[in-house]
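Shown next: entry-v1.txt, given as compact mmCIF, N, CA and C atoms.
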```
# COMPACT_ATOMS: atom_id res chain seq x y z
N MET A 1 2.24 -40.48 -31.72
CA MET A 1 2.72 -40.25 -30.37
C MET A 1 1.60 -39.64 -29.55
N SER A 2 1.35 -40.19 -28.37
CA SER A 2 0.28 -39.67 -27.53
C SER A 2 0.77 -38.48 -26.72
N ARG A 3 -0.18 -37.67 -26.38
CA ARG A 3 0.12 -36.47 -25.59
C ARG A 3 0.49 -36.89 -24.17
N PRO A 4 1.56 -36.33 -23.60
CA PRO A 4 1.92 -36.66 -22.22
C PRO A 4 0.80 -36.26 -21.27
N ALA A 5 0.64 -37.05 -20.24
CA ALA A 5 -0.38 -36.77 -19.23
C ALA A 5 0.32 -36.17 -18.01
N PRO A 6 0.02 -34.92 -17.69
CA PRO A 6 0.66 -34.31 -16.52
C PRO A 6 0.11 -34.90 -15.23
N GLU A 7 0.94 -34.84 -14.20
CA GLU A 7 0.48 -35.26 -12.88
C GLU A 7 -0.65 -34.33 -12.44
N PRO A 8 -1.67 -34.89 -11.79
CA PRO A 8 -2.72 -34.00 -11.27
C PRO A 8 -2.16 -33.09 -10.18
N VAL A 9 -2.80 -31.95 -10.02
CA VAL A 9 -2.36 -30.97 -9.03
C VAL A 9 -3.45 -30.81 -7.98
N ASP A 10 -3.08 -31.08 -6.74
CA ASP A 10 -3.98 -30.85 -5.61
C ASP A 10 -4.00 -29.34 -5.37
N PRO A 11 -5.17 -28.71 -5.44
CA PRO A 11 -5.22 -27.25 -5.25
C PRO A 11 -4.58 -26.77 -3.96
N LEU A 12 -4.62 -27.58 -2.91
CA LEU A 12 -4.02 -27.17 -1.65
C LEU A 12 -2.49 -27.18 -1.70
N SER A 13 -1.92 -27.89 -2.67
CA SER A 13 -0.46 -27.97 -2.77
C SER A 13 0.14 -26.92 -3.70
N VAL A 14 -0.70 -26.12 -4.35
CA VAL A 14 -0.20 -25.16 -5.34
C VAL A 14 0.83 -24.20 -4.75
N PRO A 15 0.62 -23.62 -3.57
CA PRO A 15 1.66 -22.71 -3.05
C PRO A 15 3.01 -23.40 -2.87
N GLU A 16 3.02 -24.61 -2.33
CA GLU A 16 4.28 -25.32 -2.11
C GLU A 16 4.92 -25.72 -3.44
N LEU A 17 4.12 -26.15 -4.40
CA LEU A 17 4.65 -26.49 -5.72
C LEU A 17 5.28 -25.26 -6.37
N ALA A 18 4.61 -24.13 -6.25
CA ALA A 18 5.13 -22.90 -6.83
C ALA A 18 6.44 -22.48 -6.15
N LEU A 19 6.49 -22.57 -4.84
CA LEU A 19 7.72 -22.21 -4.12
C LEU A 19 8.87 -23.13 -4.49
N ALA A 20 8.59 -24.40 -4.75
CA ALA A 20 9.65 -25.33 -5.16
C ALA A 20 10.22 -24.95 -6.52
N VAL A 21 9.38 -24.50 -7.44
CA VAL A 21 9.87 -24.07 -8.75
C VAL A 21 10.74 -22.82 -8.58
N ILE A 22 10.29 -21.89 -7.76
CA ILE A 22 11.06 -20.67 -7.51
C ILE A 22 12.44 -21.02 -6.93
N ALA A 23 12.47 -21.95 -6.00
CA ALA A 23 13.74 -22.34 -5.37
C ALA A 23 14.67 -23.02 -6.37
N ALA A 24 14.12 -23.69 -7.37
CA ALA A 24 14.92 -24.44 -8.33
C ALA A 24 15.50 -23.59 -9.45
N ASP A 25 14.93 -22.43 -9.71
CA ASP A 25 15.37 -21.60 -10.84
C ASP A 25 16.11 -20.38 -10.32
N ARG A 26 17.42 -20.37 -10.49
CA ARG A 26 18.23 -19.25 -10.00
C ARG A 26 18.16 -18.02 -10.89
N PHE A 27 17.73 -18.20 -12.15
CA PHE A 27 17.73 -17.09 -13.09
C PHE A 27 16.38 -16.98 -13.80
N PRO A 28 15.36 -16.48 -13.10
CA PRO A 28 14.07 -16.30 -13.76
C PRO A 28 14.16 -15.19 -14.80
N ASN A 29 13.15 -15.11 -15.63
CA ASN A 29 13.08 -14.04 -16.64
C ASN A 29 12.15 -12.95 -16.12
N LEU A 30 12.59 -11.72 -16.28
CA LEU A 30 11.82 -10.55 -15.88
C LEU A 30 11.33 -9.84 -17.13
N SER A 31 10.03 -9.60 -17.18
CA SER A 31 9.49 -8.85 -18.32
C SER A 31 9.07 -7.46 -17.86
N THR A 32 9.36 -6.49 -18.73
CA THR A 32 8.98 -5.09 -18.52
C THR A 32 8.42 -4.59 -19.84
N MET A 33 7.96 -3.35 -19.82
CA MET A 33 7.49 -2.72 -21.06
C MET A 33 8.39 -1.53 -21.39
N ASP A 34 8.80 -1.47 -22.65
CA ASP A 34 9.57 -0.35 -23.18
C ASP A 34 8.65 0.35 -24.16
N GLY A 35 7.84 1.29 -23.64
CA GLY A 35 6.77 1.86 -24.46
C GLY A 35 5.74 0.78 -24.74
N ASP A 36 5.56 0.45 -26.01
CA ASP A 36 4.62 -0.62 -26.35
C ASP A 36 5.35 -1.92 -26.72
N GLN A 37 6.65 -1.98 -26.44
CA GLN A 37 7.46 -3.17 -26.77
C GLN A 37 7.83 -3.93 -25.50
N PRO A 38 7.38 -5.19 -25.38
CA PRO A 38 7.81 -5.98 -24.22
C PRO A 38 9.31 -6.27 -24.28
N ARG A 39 9.94 -6.30 -23.12
CA ARG A 39 11.35 -6.65 -23.00
C ARG A 39 11.47 -7.74 -21.93
N VAL A 40 12.27 -8.76 -22.22
CA VAL A 40 12.48 -9.87 -21.30
C VAL A 40 13.96 -10.11 -21.15
N ARG A 41 14.40 -10.34 -19.90
CA ARG A 41 15.79 -10.66 -19.65
C ARG A 41 15.88 -11.52 -18.40
N PRO A 42 16.93 -12.39 -18.35
CA PRO A 42 17.13 -13.15 -17.12
C PRO A 42 17.67 -12.23 -16.04
N VAL A 43 17.27 -12.52 -14.81
CA VAL A 43 17.77 -11.78 -13.66
C VAL A 43 18.19 -12.78 -12.59
N SER A 44 18.94 -12.30 -11.63
CA SER A 44 19.38 -13.12 -10.51
C SER A 44 18.88 -12.47 -9.23
N PRO A 45 17.74 -12.94 -8.71
CA PRO A 45 17.21 -12.31 -7.49
C PRO A 45 18.22 -12.33 -6.35
N VAL A 46 18.24 -11.25 -5.59
CA VAL A 46 19.16 -11.16 -4.46
C VAL A 46 18.49 -11.55 -3.15
N ARG A 47 17.17 -11.70 -3.19
CA ARG A 47 16.42 -12.14 -2.01
C ARG A 47 15.03 -12.54 -2.49
N THR A 48 14.48 -13.55 -1.83
CA THR A 48 13.11 -13.97 -2.12
C THR A 48 12.43 -14.28 -0.79
N ASP A 49 11.31 -13.64 -0.53
CA ASP A 49 10.48 -13.90 0.65
C ASP A 49 9.15 -14.47 0.15
N ARG A 50 9.08 -15.80 0.10
CA ARG A 50 7.94 -16.50 -0.49
C ARG A 50 7.76 -16.04 -1.94
N PHE A 51 6.75 -15.20 -2.20
CA PHE A 51 6.50 -14.77 -3.57
C PHE A 51 6.91 -13.31 -3.82
N THR A 52 7.51 -12.67 -2.84
CA THR A 52 8.05 -11.33 -3.01
C THR A 52 9.52 -11.48 -3.39
N VAL A 53 9.89 -10.89 -4.53
CA VAL A 53 11.22 -11.11 -5.09
C VAL A 53 11.96 -9.77 -5.17
N TYR A 54 13.23 -9.79 -4.79
CA TYR A 54 14.08 -8.62 -4.81
C TYR A 54 15.13 -8.79 -5.91
N VAL A 55 15.28 -7.77 -6.73
CA VAL A 55 16.22 -7.82 -7.86
C VAL A 55 17.11 -6.58 -7.79
N ALA A 56 18.42 -6.80 -7.80
CA ALA A 56 19.37 -5.68 -7.84
C ALA A 56 19.53 -5.23 -9.28
N ASN A 57 19.80 -3.95 -9.43
CA ASN A 57 19.89 -3.36 -10.76
C ASN A 57 20.89 -2.20 -10.72
N LEU A 58 21.42 -1.88 -11.86
CA LEU A 58 22.27 -0.68 -11.96
C LEU A 58 21.46 0.41 -12.65
N ARG A 59 21.59 1.64 -12.16
CA ARG A 59 20.83 2.77 -12.72
C ARG A 59 21.02 2.93 -14.22
N MET A 60 22.19 2.59 -14.72
CA MET A 60 22.47 2.79 -16.14
C MET A 60 21.75 1.78 -17.03
N TYR A 61 21.21 0.71 -16.46
CA TYR A 61 20.52 -0.29 -17.28
C TYR A 61 19.20 0.27 -17.79
N HIS A 62 18.83 -0.16 -18.98
CA HIS A 62 17.62 0.36 -19.60
C HIS A 62 16.36 0.00 -18.82
N LYS A 63 16.38 -1.14 -18.13
CA LYS A 63 15.17 -1.52 -17.39
C LYS A 63 14.83 -0.51 -16.29
N THR A 64 15.81 0.29 -15.86
CA THR A 64 15.54 1.33 -14.87
C THR A 64 14.49 2.31 -15.39
N ALA A 65 14.68 2.79 -16.60
CA ALA A 65 13.72 3.72 -17.22
C ALA A 65 12.41 3.02 -17.52
N GLU A 66 12.48 1.76 -17.94
CA GLU A 66 11.26 1.01 -18.25
C GLU A 66 10.38 0.87 -17.01
N ILE A 67 11.00 0.50 -15.88
CA ILE A 67 10.25 0.31 -14.64
C ILE A 67 9.75 1.65 -14.10
N ALA A 68 10.54 2.70 -14.26
CA ALA A 68 10.09 4.02 -13.82
C ALA A 68 8.84 4.45 -14.61
N ALA A 69 8.81 4.15 -15.90
CA ALA A 69 7.67 4.53 -16.73
C ALA A 69 6.46 3.63 -16.51
N ASN A 70 6.72 2.35 -16.20
CA ASN A 70 5.63 1.40 -16.00
C ASN A 70 6.12 0.32 -15.05
N PRO A 71 5.75 0.41 -13.77
CA PRO A 71 6.27 -0.55 -12.78
C PRO A 71 5.65 -1.94 -12.85
N LYS A 72 4.69 -2.15 -13.75
CA LYS A 72 4.09 -3.49 -13.87
C LYS A 72 5.09 -4.43 -14.54
N VAL A 73 5.38 -5.54 -13.85
CA VAL A 73 6.37 -6.50 -14.33
C VAL A 73 5.83 -7.92 -14.14
N GLU A 74 6.54 -8.86 -14.75
CA GLU A 74 6.25 -10.27 -14.51
C GLU A 74 7.55 -11.04 -14.48
N LEU A 75 7.65 -11.94 -13.52
CA LEU A 75 8.77 -12.87 -13.43
C LEU A 75 8.28 -14.25 -13.83
N CYS A 76 9.07 -14.96 -14.61
CA CYS A 76 8.72 -16.32 -15.01
C CYS A 76 9.85 -17.25 -14.59
N TYR A 77 9.50 -18.25 -13.78
CA TYR A 77 10.44 -19.26 -13.29
C TYR A 77 10.15 -20.57 -13.99
N LEU A 78 11.21 -21.33 -14.27
CA LEU A 78 11.07 -22.62 -14.95
C LEU A 78 12.04 -23.60 -14.29
N ASP A 79 11.53 -24.78 -13.89
CA ASP A 79 12.44 -25.75 -13.28
C ASP A 79 12.88 -26.79 -14.30
N SER A 80 13.66 -27.77 -13.87
CA SER A 80 14.21 -28.76 -14.79
C SER A 80 13.16 -29.69 -15.38
N LYS A 81 11.98 -29.75 -14.76
CA LYS A 81 10.88 -30.56 -15.30
C LYS A 81 9.96 -29.72 -16.20
N HIS A 82 10.32 -28.47 -16.40
CA HIS A 82 9.56 -27.51 -17.19
C HIS A 82 8.25 -27.09 -16.54
N ASP A 83 8.13 -27.29 -15.23
CA ASP A 83 7.05 -26.67 -14.49
C ASP A 83 7.38 -25.19 -14.41
N GLN A 84 6.35 -24.34 -14.41
CA GLN A 84 6.63 -22.91 -14.39
C GLN A 84 5.78 -22.17 -13.38
N VAL A 85 6.31 -21.03 -12.96
CA VAL A 85 5.60 -20.12 -12.07
C VAL A 85 5.71 -18.73 -12.68
N ARG A 86 4.60 -18.03 -12.68
CA ARG A 86 4.57 -16.65 -13.16
C ARG A 86 4.11 -15.77 -12.00
N ILE A 87 4.94 -14.79 -11.69
CA ILE A 87 4.61 -13.81 -10.64
C ILE A 87 4.36 -12.49 -11.33
N THR A 88 3.13 -12.03 -11.25
CA THR A 88 2.73 -10.75 -11.83
C THR A 88 2.63 -9.74 -10.70
N GLY A 89 3.24 -8.58 -10.89
CA GLY A 89 3.19 -7.60 -9.82
C GLY A 89 3.74 -6.26 -10.25
N ALA A 90 4.07 -5.47 -9.25
CA ALA A 90 4.63 -4.14 -9.48
C ALA A 90 5.99 -4.06 -8.80
N ALA A 91 6.94 -3.46 -9.51
CA ALA A 91 8.28 -3.27 -8.96
C ALA A 91 8.35 -1.91 -8.27
N GLU A 92 8.91 -1.92 -7.08
CA GLU A 92 9.12 -0.67 -6.35
C GLU A 92 10.56 -0.65 -5.86
N ILE A 93 11.11 0.53 -5.71
CA ILE A 93 12.48 0.68 -5.23
C ILE A 93 12.49 0.48 -3.72
N VAL A 94 13.40 -0.38 -3.27
CA VAL A 94 13.56 -0.63 -1.84
C VAL A 94 14.34 0.54 -1.24
N THR A 95 13.77 1.14 -0.19
CA THR A 95 14.44 2.25 0.49
C THR A 95 14.74 1.95 1.95
N GLU A 96 14.19 0.86 2.49
CA GLU A 96 14.39 0.52 3.90
C GLU A 96 15.84 0.07 4.11
N GLN A 97 16.57 0.83 4.91
CA GLN A 97 18.00 0.55 5.12
C GLN A 97 18.25 -0.84 5.69
N PRO A 98 17.47 -1.34 6.65
CA PRO A 98 17.75 -2.70 7.16
C PRO A 98 17.62 -3.78 6.07
N VAL A 99 16.65 -3.63 5.18
CA VAL A 99 16.48 -4.59 4.10
C VAL A 99 17.65 -4.51 3.13
N LEU A 100 18.03 -3.29 2.76
CA LEU A 100 19.18 -3.12 1.87
C LEU A 100 20.46 -3.67 2.49
N GLN A 101 20.63 -3.44 3.79
CA GLN A 101 21.85 -3.92 4.47
C GLN A 101 21.89 -5.44 4.48
N GLU A 102 20.76 -6.08 4.75
CA GLU A 102 20.72 -7.54 4.76
C GLU A 102 21.03 -8.10 3.37
N ILE A 103 20.47 -7.49 2.34
CA ILE A 103 20.76 -7.93 0.97
C ILE A 103 22.25 -7.73 0.67
N TRP A 104 22.78 -6.60 1.05
CA TRP A 104 24.20 -6.29 0.82
C TRP A 104 25.09 -7.32 1.55
N ASP A 105 24.76 -7.58 2.80
CA ASP A 105 25.59 -8.47 3.62
C ASP A 105 25.58 -9.91 3.12
N THR A 106 24.53 -10.32 2.45
CA THR A 106 24.41 -11.72 2.01
C THR A 106 24.75 -11.92 0.54
N ASN A 107 25.23 -10.87 -0.14
CA ASN A 107 25.54 -10.98 -1.57
C ASN A 107 26.96 -10.50 -1.85
N PRO A 108 27.93 -11.43 -1.79
CA PRO A 108 29.32 -11.03 -2.02
C PRO A 108 29.56 -10.43 -3.40
N LEU A 109 28.81 -10.86 -4.41
CA LEU A 109 29.01 -10.31 -5.75
C LEU A 109 28.66 -8.82 -5.78
N LEU A 110 27.59 -8.43 -5.11
CA LEU A 110 27.25 -7.00 -5.03
C LEU A 110 28.39 -6.22 -4.37
N ARG A 111 28.88 -6.75 -3.27
CA ARG A 111 29.96 -6.06 -2.55
C ARG A 111 31.21 -5.94 -3.40
N GLN A 112 31.56 -7.02 -4.11
CA GLN A 112 32.76 -7.00 -4.93
C GLN A 112 32.61 -6.03 -6.10
N TYR A 113 31.45 -6.04 -6.74
CA TYR A 113 31.26 -5.23 -7.95
C TYR A 113 31.04 -3.75 -7.63
N LEU A 114 30.28 -3.47 -6.57
CA LEU A 114 29.88 -2.08 -6.30
C LEU A 114 30.71 -1.41 -5.20
N GLY A 115 31.42 -2.18 -4.40
CA GLY A 115 32.32 -1.59 -3.41
C GLY A 115 31.70 -1.19 -2.10
N HIS A 116 30.59 -0.44 -2.15
CA HIS A 116 29.94 -0.01 -0.91
C HIS A 116 28.44 0.12 -1.14
N ILE A 117 27.71 -0.05 -0.07
CA ILE A 117 26.24 -0.08 -0.15
C ILE A 117 25.66 1.25 -0.64
N ASP A 118 26.39 2.34 -0.44
CA ASP A 118 25.88 3.65 -0.85
C ASP A 118 26.24 4.01 -2.29
N ASN A 119 26.72 3.05 -3.05
CA ASN A 119 27.06 3.30 -4.45
C ASN A 119 25.81 3.81 -5.17
N PRO A 120 25.87 4.99 -5.76
CA PRO A 120 24.67 5.56 -6.40
C PRO A 120 24.18 4.77 -7.62
N SER A 121 24.98 3.85 -8.12
CA SER A 121 24.56 3.04 -9.26
C SER A 121 23.57 1.95 -8.86
N LEU A 122 23.54 1.60 -7.58
CA LEU A 122 22.73 0.48 -7.11
C LEU A 122 21.27 0.87 -6.89
N ILE A 123 20.40 0.06 -7.46
CA ILE A 123 18.96 0.11 -7.17
C ILE A 123 18.54 -1.31 -6.86
N VAL A 124 17.74 -1.50 -5.82
CA VAL A 124 17.16 -2.80 -5.55
C VAL A 124 15.64 -2.65 -5.69
N TYR A 125 15.06 -3.50 -6.53
CA TYR A 125 13.62 -3.51 -6.72
C TYR A 125 13.00 -4.64 -5.91
N ARG A 126 11.83 -4.35 -5.37
CA ARG A 126 11.00 -5.37 -4.73
C ARG A 126 9.81 -5.58 -5.66
N VAL A 127 9.63 -6.80 -6.13
CA VAL A 127 8.46 -7.11 -6.95
C VAL A 127 7.37 -7.58 -6.00
N LYS A 128 6.38 -6.72 -5.83
CA LYS A 128 5.25 -7.04 -4.95
C LYS A 128 4.24 -7.85 -5.75
N PRO A 129 4.04 -9.11 -5.39
CA PRO A 129 3.17 -9.97 -6.19
C PRO A 129 1.70 -9.60 -6.07
N GLU A 130 1.04 -9.59 -7.20
CA GLU A 130 -0.40 -9.38 -7.25
C GLU A 130 -1.12 -10.65 -7.69
N ARG A 131 -0.39 -11.50 -8.44
CA ARG A 131 -0.95 -12.75 -8.93
C ARG A 131 0.20 -13.74 -9.10
N VAL A 132 -0.03 -14.98 -8.67
CA VAL A 132 0.97 -16.03 -8.82
C VAL A 132 0.27 -17.25 -9.40
N ARG A 133 0.85 -17.76 -10.51
CA ARG A 133 0.27 -18.93 -11.18
C ARG A 133 1.33 -20.01 -11.34
N PHE A 134 0.89 -21.26 -11.19
CA PHE A 134 1.75 -22.43 -11.35
C PHE A 134 1.19 -23.29 -12.48
N MET A 135 2.10 -23.86 -13.29
CA MET A 135 1.66 -24.78 -14.34
C MET A 135 2.67 -25.91 -14.48
N ARG A 136 2.15 -27.14 -14.54
CA ARG A 136 2.99 -28.30 -14.84
C ARG A 136 3.28 -28.35 -16.33
N GLU A 137 4.45 -28.92 -16.67
CA GLU A 137 4.76 -29.11 -18.08
C GLU A 137 3.65 -29.91 -18.74
N TRP A 138 3.28 -29.52 -19.94
CA TRP A 138 2.28 -30.16 -20.79
C TRP A 138 0.85 -30.00 -20.28
N ALA A 139 0.66 -29.44 -19.12
CA ALA A 139 -0.71 -29.34 -18.60
C ALA A 139 -1.51 -28.29 -19.34
N LEU A 140 -0.83 -27.21 -19.76
CA LEU A 140 -1.49 -26.10 -20.46
C LEU A 140 -2.64 -25.52 -19.64
N GLU A 141 -2.48 -25.61 -18.33
CA GLU A 141 -3.51 -25.08 -17.42
C GLU A 141 -2.81 -24.50 -16.20
N TYR A 142 -3.09 -23.23 -15.93
CA TYR A 142 -2.52 -22.58 -14.76
C TYR A 142 -3.37 -22.85 -13.54
N HIS A 143 -2.68 -22.93 -12.39
CA HIS A 143 -3.32 -23.05 -11.09
C HIS A 143 -2.94 -21.81 -10.30
N GLU A 144 -3.92 -21.11 -9.80
CA GLU A 144 -3.68 -19.86 -9.05
C GLU A 144 -3.27 -20.16 -7.62
N VAL A 145 -2.26 -19.45 -7.16
CA VAL A 145 -1.94 -19.45 -5.75
C VAL A 145 -2.97 -18.54 -5.10
N PRO A 146 -3.66 -19.01 -4.06
CA PRO A 146 -4.68 -18.17 -3.43
C PRO A 146 -4.10 -16.85 -2.94
N PRO A 147 -4.86 -15.77 -3.09
CA PRO A 147 -4.35 -14.44 -2.68
C PRO A 147 -3.85 -14.39 -1.24
N GLU A 148 -4.47 -15.11 -0.33
CA GLU A 148 -4.03 -15.08 1.06
C GLU A 148 -2.66 -15.75 1.25
N GLU A 149 -2.22 -16.54 0.27
CA GLU A 149 -0.91 -17.19 0.33
C GLU A 149 0.19 -16.33 -0.31
N ILE A 150 -0.21 -15.30 -1.02
CA ILE A 150 0.76 -14.49 -1.78
C ILE A 150 1.46 -13.48 -0.90
N ALA A 151 0.72 -12.77 -0.12
CA ALA A 151 1.31 -11.66 0.68
C ALA A 151 2.06 -12.16 1.88
```
Show how you would write the structure in this file as structure tokens.
Amino acid sequence: MSRPAPEPVDPLSVPELALAVIAADRFPNLSTMDGDQPRVRPVSPVRTDRFTVYVANLRMYHKTAEIAANPKVELCYLDSKHDQVRITGAAEIVTEQPVLQEIWDTNPLLRQYLGHIDNPSLIVYRVKPERVRFMREWALEYHEVPPEEIA
């Protein structure tokens, strides 16, 4: 059996290709560090602004302590063609009330589960991207999204 040949990637199209993978995957995997042990779990972003991703969390979840100890995280998105995007960055707690209100207003599940926006169990993290990479299935080669396209 011959090795599949991936479609070539035009370097100028990498940001759009990466954004398409992000749009296609509703449940990316978030990796954190628990001391020296990596931890990975699926998450459901509550907002995405290009490559900046917002993830809601409950204070009682273990990832809260993991992110507090080491805010370096990575999100991995995978689409139905097995193209992938990796967003490497740092997670920070969102404190801006207008941003929190917009997330709250557009997420009925948050409202149903938590009752009110001031619920002390709620934390929303913003993953600030430092590096974004795209890879086609079988290509085994990452393509970097240019830094000026990330922020």
Inset, instruction - Excluding Thr88 (chain A) and residues on its chain fewer than 3 positions from it, collect all residues at most 6.5 Å away from it, counting only N, CA and C atoms, and give them as an MDAnalysis selection string. - result: chainID A and resid 73:75 128:133
Inset, instruction - as number ranges by chain, please: all residues of region 59-132 of chain A that backbone DSSP puts in alpha helix (DSSP H). - result: A: 62-69, 97-105, 108-114
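Compared by their closest atoms to Asp83 (chain A), and using all atoms listed in the file, the residues A:His143, A:Arg47, A:Arg136, A:His62 rank with A:Arg136 nearest.
Ranking A:Leu78, A:Ile123, A:Val94, A:Ala139 by their shortest atom-to-atom distance to Ala24 (chain A), with all atoms listed in the file included, puts A:Leu78 first.
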Shell of 8 Å around Gly35 (chain A), all atoms listed in the file, local chain residues under 2 positions omitted, as a short mmCIF file (atom, residue, chain, number, x, y, z; two decimals) with N, CA and C atoms, in the frame of the given file:
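Contents of out04.cif, freshly written:
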```cif
data_model
loop_
_atom_site.label_atom_id
_atom_site.label_comp_id
_atom_site.auth_asym_id
_atom_site.auth_seq_id
_atom_site.Cartn_x
_atom_site.Cartn_y
_atom_site.Cartn_z
N THR A 32 9.36 -6.49 -18.73
CA THR A 32 8.98 -5.09 -18.52
C THR A 32 8.42 -4.59 -19.84
N MET A 33 7.96 -3.35 -19.82
CA MET A 33 7.49 -2.72 -21.06
C MET A 33 8.39 -1.53 -21.39
N GLN A 37 6.65 -1.98 -26.44
CA GLN A 37 7.46 -3.17 -26.77
C GLN A 37 7.83 -3.93 -25.50
N PRO A 38 7.38 -5.19 -25.38
CA PRO A 38 7.81 -5.98 -24.22
C PRO A 38 9.31 -6.27 -24.28
N ARG A 39 9.94 -6.30 -23.12
CA ARG A 39 11.35 -6.65 -23.00
C ARG A 39 11.47 -7.74 -21.93
N ALA A 65 14.68 2.79 -16.60
CA ALA A 65 13.72 3.72 -17.22
C ALA A 65 12.41 3.02 -17.52
N GLU A 66 12.48 1.76 -17.94
CA GLU A 66 11.26 1.01 -18.25
C GLU A 66 10.38 0.87 -17.01
N ALA A 69 8.81 4.15 -15.90
CA ALA A 69 7.67 4.53 -16.73
C ALA A 69 6.46 3.63 -16.51
N ASN A 70 6.72 2.35 -16.20
CA ASN A 70 5.63 1.40 -16.00
C ASN A 70 6.12 0.32 -15.05
#
```
Inset, instruction - Taking the chain letters and numbering used in this document, name the residues of chain A that DSSP puts in strand (DSSP E or B), as an NGL selection string. - result: :A and (29-34 or 37-42 or 47-49 or 52-58 or 72-78 or 84-93 or 122-135 or 143-144)
Legend entry - For CA of Ile150 (chain A) and CA of Arg50 (chain A), the interatomic separation in Å (one decimal): 7.6 Å
Legend entry - Å distance separating atom N of Asp49 (chain A) from atom C of Pro15 (chain A), one decimal place: 13.0 Å
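Shortest separation to Trp104 (chain A) among A:Ile117, A:Met135, A:Ala91, A:Val21 occurs at residue A:Ile117, atoms counted being only C-alpha atoms.
Of note, CA of Leu122 (chain A) and atom N of Ala23 (chain A) are spaced 24.7 Å apart.
Distance annotation: of A:Val53, A:Val145, A:Ala68, A:Met60, the residue with the minimal separation from Val14 (chain A) is A:Val145; atom set is all atoms listed in the file.
Using only C-alpha atoms, the nearest neighbour of Lys63 (chain A) within the list A:Cys76, A:Ala90, A:Leu30, A:Leu114 is A:Leu30.
If you measure from each of A:Pro71, A:Pro11, A:Ala18, A:Tyr125 to Asp34 (chain A) using only C-alpha atoms, the closest one turns out to be A:Pro71.
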With C-alpha atoms as the atom set, please write region 64-106 of chain A from the structure just given, as a PDB file, in the first residue's frame.
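To be explicit, this is the file written out as out.pdb:
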```
ATOM      1  CA  THR A  64      -8.270  25.051  37.911  1.00  0.00           C
ATOM      2  CA  ALA A  65      -5.315  24.204  40.165  1.00  0.00           C
ATOM      3  CA  GLU A  66      -3.271  22.965  37.201  1.00  0.00           C
ATOM      4  CA  ILE A  67      -3.701  26.243  35.305  1.00  0.00           C
ATOM      5  CA  ALA A  68      -3.053  28.293  38.441  1.00  0.00           C
ATOM      6  CA  ALA A  69       0.249  26.446  38.935  1.00  0.00           C
ATOM      7  CA  ASN A  70       1.224  26.551  35.250  1.00  0.00           C
ATOM      8  CA  PRO A  71      -0.857  28.634  32.825  1.00  0.00           C
ATOM      9  CA  LYS A  72       0.897  27.190  29.754  1.00  0.00           C
ATOM     10  CA  VAL A  73      -1.669  25.162  27.810  1.00  0.00           C
ATOM     11  CA  GLU A  74      -2.288  23.745  24.363  1.00  0.00           C
ATOM     12  CA  LEU A  75      -5.514  23.186  22.473  1.00  0.00           C
ATOM     13  CA  CYS A  76      -5.659  20.583  19.712  1.00  0.00           C
ATOM     14  CA  TYR A  77      -8.427  20.697  17.097  1.00  0.00           C
ATOM     15  CA  LEU A  78      -9.155  17.890  14.642  1.00  0.00           C
ATOM     16  CA  ASP A  79     -11.625  17.974  11.756  1.00  0.00           C
ATOM     17  CA  SER A  80     -13.378  15.133   9.936  1.00  0.00           C
ATOM     18  CA  LYS A  81     -10.518  14.890   7.406  1.00  0.00           C
ATOM     19  CA  HIS A  82      -8.038  14.566  10.296  1.00  0.00           C
ATOM     20  CA  ASP A  83      -6.460  17.930   9.589  1.00  0.00           C
ATOM     21  CA  GLN A  84      -5.330  19.413  12.876  1.00  0.00           C
ATOM     22  CA  VAL A  85      -4.575  22.734  14.514  1.00  0.00           C
ATOM     23  CA  ARG A  86      -2.535  23.196  17.660  1.00  0.00           C
ATOM     24  CA  ILE A  87      -2.827  26.438  19.607  1.00  0.00           C
ATOM     25  CA  THR A  88      -0.059  26.884  22.150  1.00  0.00           C
ATOM     26  CA  GLY A  89      -0.494  29.675  24.653  1.00  0.00           C
ATOM     27  CA  ALA A  90      -1.205  30.803  28.169  1.00  0.00           C
ATOM     28  CA  ALA A  91      -4.557  30.646  29.943  1.00  0.00           C
ATOM     29  CA  GLU A  92      -5.662  33.687  31.891  1.00  0.00           C
ATOM     30  CA  ILE A  93      -8.833  34.316  33.857  1.00  0.00           C
ATOM     31  CA  VAL A  94     -11.247  36.661  32.102  1.00  0.00           C
ATOM     32  CA  THR A  95     -12.226  39.537  34.393  1.00  0.00           C
ATOM     33  CA  GLU A  96     -13.696  42.035  31.899  1.00  0.00           C
ATOM     34  CA  GLN A  97     -17.407  42.238  32.706  1.00  0.00           C
ATOM     35  CA  PRO A  98     -18.548  43.032  29.122  1.00  0.00           C
ATOM     36  CA  VAL A  99     -16.745  39.935  27.804  1.00  0.00           C
ATOM     37  CA  LEU A 100     -18.169  37.740  30.561  1.00  0.00           C
ATOM     38  CA  GLN A 101     -21.661  39.140  29.955  1.00  0.00           C
ATOM     39  CA  GLU A 102     -21.485  38.445  26.220  1.00  0.00           C
ATOM     40  CA  ILE A 103     -20.329  34.876  26.872  1.00  0.00           C
ATOM     41  CA  TRP A 104     -23.090  34.434  29.454  1.00  0.00           C
ATOM     42  CA  ASP A 105     -25.768  35.872  27.155  1.00  0.00           C
ATOM     43  CA  THR A 106     -24.823  33.596  24.241  1.00  0.00           C
TER      44      THR A 106
END
```
